[in-house]
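Visitor: Pasting coords_6.cif below, which is mmCIF, C-alpha atoms.
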```cif
data_run
#
loop_
_atom_site.group_PDB
_atom_site.id
_atom_site.type_symbol
_atom_site.label_atom_id
_atom_site.label_comp_id
_atom_site.auth_asym_id
_atom_site.auth_seq_id
_atom_site.Cartn_x
_atom_site.Cartn_y
_atom_site.Cartn_z
ATOM 1 C CA MET A 18 60.406 -1.172 -28.592
ATOM 2 C CA GLY A 19 60.847 0.558 -25.227
ATOM 3 C CA LEU A 20 63.618 0.108 -22.729
ATOM 4 C CA PRO A 21 63.197 -2.871 -20.376
ATOM 5 C CA GLY A 22 62.658 -2.169 -16.687
ATOM 6 C CA ALA A 23 65.593 -2.055 -14.278
ATOM 7 C CA GLY A 24 67.236 -5.453 -14.469
ATOM 8 C CA ALA A 25 64.616 -6.483 -17.062
ATOM 9 C CA LEU A 26 63.085 -8.879 -14.546
ATOM 10 C CA ARG A 27 59.560 -10.048 -15.089
ATOM 11 C CA SER A 28 57.698 -11.969 -12.449
ATOM 12 C CA ASN A 29 54.339 -12.515 -10.804
ATOM 13 C CA MET A 30 53.049 -12.729 -7.255
ATOM 14 C CA ASN A 31 53.470 -16.523 -7.055
ATOM 15 C CA ASP A 32 57.133 -16.218 -8.080
ATOM 16 C CA MET A 33 57.732 -13.449 -5.538
ATOM 17 C CA LEU A 34 56.104 -15.454 -2.743
ATOM 18 C CA ALA A 35 58.241 -18.508 -3.584
ATOM 19 C CA TYR A 36 61.353 -16.291 -3.565
ATOM 20 C CA LEU A 37 60.310 -14.772 -0.235
ATOM 21 C CA ARG A 38 59.589 -18.183 1.305
ATOM 22 C CA ALA A 39 63.013 -19.504 0.257
ATOM 23 C CA HIS A 40 64.737 -16.572 1.968
ATOM 24 C CA MET A 41 62.567 -16.763 5.085
ATOM 25 C CA LEU A 42 63.354 -20.460 5.548
ATOM 26 C CA ALA A 43 67.064 -20.074 4.780
ATOM 27 C CA GLY A 44 69.337 -20.347 7.738
ATOM 28 C CA PRO A 45 72.955 -21.289 8.219
ATOM 29 C CA ASP A 46 71.880 -24.698 9.537
ATOM 30 C CA ALA A 47 68.524 -25.111 7.746
ATOM 31 C CA ALA A 48 68.208 -28.419 5.920
ATOM 32 C CA GLY A 49 67.774 -28.025 2.186
ATOM 33 C CA THR A 50 68.929 -24.392 2.085
ATOM 34 C CA PRO A 51 70.831 -23.749 -1.143
ATOM 35 C CA ARG A 52 74.454 -22.925 -0.437
ATOM 36 C CA GLY A 53 74.927 -19.215 0.105
ATOM 37 C CA LEU A 54 71.236 -18.288 0.290
ATOM 38 C CA HIS A 55 71.515 -17.291 3.937
ATOM 39 C CA ALA A 56 74.752 -15.391 3.294
ATOM 40 C CA VAL A 57 73.053 -12.798 1.078
ATOM 41 C CA ARG A 58 71.422 -11.278 4.141
ATOM 42 C CA LEU A 59 74.611 -10.827 6.137
ATOM 43 C CA ALA A 60 75.754 -7.218 6.516
ATOM 44 C CA GLN A 61 78.466 -6.265 4.045
ATOM 45 C CA ARG A 62 78.520 -2.476 4.402
ATOM 46 C CA ASP A 63 77.177 0.238 6.642
ATOM 47 C CA SER A 64 74.728 2.465 4.802
ATOM 48 C CA GLY A 65 75.726 5.616 6.665
ATOM 49 C CA MET A 66 72.197 5.763 8.094
ATOM 50 C CA PRO A 67 71.670 4.689 11.728
ATOM 51 C CA GLY A 68 70.273 1.161 12.026
ATOM 52 C CA LEU A 69 70.566 0.367 8.293
ATOM 53 C CA ALA A 70 73.173 -1.945 6.743
ATOM 54 C CA ILE A 71 73.542 -3.390 3.267
ATOM 55 C CA GLY A 72 73.752 -7.114 2.562
ATOM 56 C CA LEU A 73 73.952 -8.737 -0.861
ATOM 57 C CA ALA A 74 70.760 -7.510 -2.564
ATOM 58 C CA TRP A 75 69.041 -6.896 0.777
ATOM 59 C CA HIS A 76 68.759 -3.978 3.202
ATOM 60 C CA LEU A 77 69.101 -4.899 6.875
ATOM 61 C CA GLN A 78 67.294 -2.619 9.269
ATOM 62 C CA ASP A 79 66.145 -2.525 12.857
ATOM 63 C CA VAL A 80 62.442 -1.582 12.799
ATOM 64 C CA ARG A 81 60.845 -0.922 16.163
ATOM 65 C CA GLY A 82 63.309 -3.286 17.807
ATOM 66 C CA ARG A 83 63.019 -6.124 15.265
ATOM 67 C CA PRO A 84 65.597 -6.911 12.586
ATOM 68 C CA VAL A 85 64.032 -6.750 9.120
ATOM 69 C CA VAL A 86 65.504 -7.861 5.786
ATOM 70 C CA TRP A 87 64.013 -5.997 2.810
ATOM 71 C CA HIS A 88 64.382 -4.531 -0.655
ATOM 72 C CA ASN A 89 62.262 -2.240 -2.800
ATOM 73 C CA GLY A 90 62.070 -0.929 -6.312
ATOM 74 C CA MET A 91 60.288 1.535 -8.555
ATOM 75 C CA THR A 92 60.352 1.898 -12.311
ATOM 76 C CA GLY A 93 58.064 2.619 -15.235
ATOM 77 C CA GLY A 94 54.939 3.370 -13.218
ATOM 78 C CA TYR A 95 55.293 0.472 -10.772
ATOM 79 C CA ALA A 96 56.574 0.077 -7.210
ATOM 80 C CA SER A 97 57.453 -2.930 -5.080
ATOM 81 C CA PHE A 98 58.557 -3.977 -1.623
ATOM 82 C CA ILE A 99 59.605 -7.402 -0.359
ATOM 83 C CA GLY A 100 60.747 -8.124 3.158
ATOM 84 C CA PHE A 101 60.729 -10.433 6.119
ATOM 85 C CA THR A 102 61.613 -10.386 9.781
ATOM 86 C CA ALA A 103 65.071 -11.887 10.311
ATOM 87 C CA ASP A 104 63.572 -14.611 12.502
ATOM 88 C CA GLY A 105 61.440 -15.733 9.532
ATOM 89 C CA GLU A 106 58.138 -15.257 11.380
ATOM 90 C CA ARG A 107 56.607 -12.666 9.023
ATOM 91 C CA GLY A 108 57.047 -11.833 5.367
ATOM 92 C CA VAL A 109 55.340 -9.566 2.859
ATOM 93 C CA VAL A 110 55.335 -8.706 -0.828
ATOM 94 C CA VAL A 111 53.719 -5.409 -1.865
ATOM 95 C CA LEU A 112 53.234 -4.602 -5.557
ATOM 96 C CA ALA A 113 51.679 -1.390 -6.900
ATOM 97 C CA ASN A 114 50.840 -0.197 -10.383
ATOM 98 C CA VAL A 115 51.773 3.384 -9.546
ATOM 99 C CA SER A 116 55.133 5.038 -8.847
ATOM 100 C CA VAL A 117 54.733 5.795 -5.143
ATOM 101 C CA SER A 118 56.694 4.295 -2.283
ATOM 102 C CA VAL A 119 55.029 1.258 -0.722
ATOM 103 C CA ASP A 120 57.775 0.866 1.894
ATOM 104 C CA ASP A 121 55.591 2.049 4.802
ATOM 105 C CA ILE A 122 52.895 -0.484 3.890
ATOM 106 C CA GLY A 123 55.478 -3.270 3.828
ATOM 107 C CA MET A 124 57.234 -2.245 7.040
ATOM 108 C CA ASN A 125 53.965 -1.804 8.944
ATOM 109 C CA ALA A 126 52.831 -5.251 7.795
ATOM 110 C CA LEU A 127 56.088 -6.774 9.038
ATOM 111 C CA VAL A 128 56.371 -4.885 12.311
ATOM 112 C CA PRO A 129 53.039 -3.261 13.192
ATOM 113 C CA PRO A 130 53.346 -0.020 15.117
ATOM 114 C CA ALA A 131 52.247 -0.051 18.733
ATOM 115 C CA PRO A 132 48.607 0.909 19.161
ATOM 116 C CA ALA A 133 47.981 4.459 20.277
ATOM 117 C CA PRO A 134 47.221 4.748 23.975
ATOM 118 C CA ALA A 135 43.549 5.039 24.826
ATOM 119 C CA SER A 136 42.539 8.599 25.567
ATOM 120 C CA ALA A 137 41.351 9.339 29.074
#
```
Write the structure described by the file as structure tokens, please.
Guide:
Amino acid sequence: MGLPGAGALRSNMNDMLAYLRAHMLAGPDAAGTPRGLHAVRLAQRDSGMPGLAIGLAWHLQDVRGRPVVWHNGMTGGYASFIGFTADGERGVVVLANVSVSVDDIGMNALVPPAPAPASA
């Protein structure tokens, strides 16, 4: 028997989307929000990198002027990214069956880069 993945968590896309939805809808005054769910995305520590703070299980980062709450992972030939804009307008789950960062895919889905200016 091999070693279980980091945290030994097993899930599927439906579970991840339900988890994401719960966090996107959580607010300090949101009806039905489980106690403390909103608090996990409050900054607890500075990361030492400009614009990036650490919450409880989440990274908090300003991306092109929008606050984004996210986390990622990579182990055993798989990679993942989950995140949402702090206002709850956009969310994304990215799963890959290869050990390469999918962070750029997730961030660009959450906060698309500005289109390149048309050439003259």
Visitor: Could you list, as a PyMOL selection string, every residue matched by the PyMOL selection byres ((chain A and resi 45-59) around 8) in this structure?
Guide: chain A and resi 39-40+42-44+60-61+72-77+86
Visitor: Work out how far apart CA of Asp104 (chain A) and CA of Gly90 (chain A) are and give it in Å to one decimal.
Guide: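 One can read the CA of Asp104 (chain A) to CA of Gly90 (chain A) distance as 23.3 Å.
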Visitor: Could you state the separation of CA of Asn125 (chain A) and CA of Leu34 (chain A) in Å, given to one decimal place?
Guide: 18.1 Å
Visitor: Contacts of Met30 (chain A) at 10 Å or less, counting all atoms listed in the file, minus same-chain residues fewer than 3 places along, as a list of chain:residue names?
Guide: A:Met33, A:Leu34, A:Ala35, A:Tyr36, A:Val110, A:Val111, A:Leu112
Visitor: Output, as lines of an AutoDock Vina configuration file, the centre and edge lengths in Å (one decimal) of the axis-aligned box that contains all listed atoms of region 78-83 of chain A with 3 Å of margin on each side.
Guide:
```
center_x = 64.1
center_y = -3.5
center_z = 13.5
size_x = 12.4
size_y = 11.2
size_z = 14.5
```
Visitor: Just want the 12 Å neighbourhood of region 114-121 of chain A, counted on only C-alpha atoms, with same-chain residues fewer than 3 positions away dropped. Output as a PyMOL selection string.
Guide: chain A and resi 80+87-100+109-111+124-130
Visitor: Once the PyMOL selection byres ((chain A and resi 103) around 6) has been evaluated on this model, what residues remain selected, and can you format them as a tab-separated table (two decimals) with C-alpha atoms, keeping the file's coordinate frame?
Guide:
```tsv
chain	number	residue	atom	x	y	z
A	84	PRO	CA	65.60	-6.91	12.59
A	85	VAL	CA	64.03	-6.75	9.12
A	102	THR	CA	61.61	-10.39	9.78
A	104	ASP	CA	63.57	-14.61	12.50
A	105	GLY	CA	61.44	-15.73	9.53
```
Visitor: So the first atom is CA of Phe101 (chain A) and the second is CA of Ile122 (chain A); what is the distance between them in Å, to one decimal place?
Guide: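 Pair CA of Phe101 (chain A) / CA of Ile122 (chain A) returns 12.9 Å.
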Visitor: Any chance you could model N, CA and C atoms for region 25-45 of chain A and send them as a CSV table (one decimal), in the coordinates of the input?
Guide:
```csv
chain,number,residue,atom,x,y,z
A,25,ALA,N,65.5,-5.8,-16.1
A,25,ALA,CA,64.6,-6.5,-17.1
A,25,ALA,C,64.0,-7.8,-16.5
A,26,LEU,N,63.7,-7.7,-15.2
A,26,LEU,CA,63.1,-8.9,-14.5
A,26,LEU,C,61.6,-8.8,-14.7
A,27,ARG,N,61.0,-9.9,-15.0
A,27,ARG,CA,59.6,-10.0,-15.1
A,27,ARG,C,59.1,-11.2,-14.2
A,28,SER,N,58.1,-11.0,-13.4
A,28,SER,CA,57.7,-12.0,-12.4
A,28,SER,C,56.2,-11.8,-12.1
A,29,ASN,N,55.7,-12.6,-11.3
A,29,ASN,CA,54.3,-12.5,-10.8
A,29,ASN,C,54.3,-12.8,-9.3
A,30,MET,N,53.2,-12.6,-8.7
A,30,MET,CA,53.0,-12.7,-7.3
A,30,MET,C,53.5,-14.1,-6.8
A,31,ASN,N,53.1,-15.2,-7.5
A,31,ASN,CA,53.5,-16.5,-7.1
A,31,ASN,C,55.0,-16.7,-7.0
A,32,ASP,N,55.7,-16.2,-8.1
A,32,ASP,CA,57.1,-16.2,-8.1
A,32,ASP,C,57.7,-15.5,-6.9
A,33,MET,N,57.2,-14.3,-6.6
A,33,MET,CA,57.7,-13.4,-5.5
A,33,MET,C,57.5,-14.1,-4.2
A,34,LEU,N,56.4,-14.8,-4.0
A,34,LEU,CA,56.1,-15.5,-2.7
A,34,LEU,C,57.0,-16.7,-2.6
A,35,ALA,N,57.3,-17.4,-3.7
A,35,ALA,CA,58.2,-18.5,-3.6
A,35,ALA,C,59.6,-18.0,-3.2
A,36,TYR,N,60.1,-16.9,-3.8
A,36,TYR,CA,61.4,-16.3,-3.6
A,36,TYR,C,61.4,-15.9,-2.1
A,37,LEU,N,60.4,-15.2,-1.6
A,37,LEU,CA,60.3,-14.8,-0.2
A,37,LEU,C,60.4,-16.0,0.7
A,38,ARG,N,59.6,-17.0,0.4
A,38,ARG,CA,59.6,-18.2,1.3
A,38,ARG,C,61.0,-18.8,1.4
A,39,ALA,N,61.7,-18.9,0.3
A,39,ALA,CA,63.0,-19.5,0.3
A,39,ALA,C,63.9,-18.7,1.2
A,40,HIS,N,63.9,-17.4,1.1
A,40,HIS,CA,64.7,-16.6,2.0
A,40,HIS,C,64.3,-16.6,3.4
A,41,MET,N,63.0,-16.7,3.7
A,41,MET,CA,62.6,-16.8,5.1
A,41,MET,C,63.0,-18.1,5.7
A,42,LEU,N,63.0,-19.1,5.0
A,42,LEU,CA,63.4,-20.5,5.5
A,42,LEU,C,64.8,-20.7,5.6
A,43,ALA,N,65.6,-19.9,4.9
A,43,ALA,CA,67.1,-20.1,4.8
A,43,ALA,C,67.7,-19.7,6.1
A,44,GLY,N,68.6,-20.6,6.5
A,44,GLY,CA,69.3,-20.3,7.7
A,44,GLY,C,70.7,-21.1,7.6
A,45,PRO,N,71.6,-20.7,8.4
A,45,PRO,CA,73.0,-21.3,8.2
A,45,PRO,C,72.9,-22.8,8.4
```
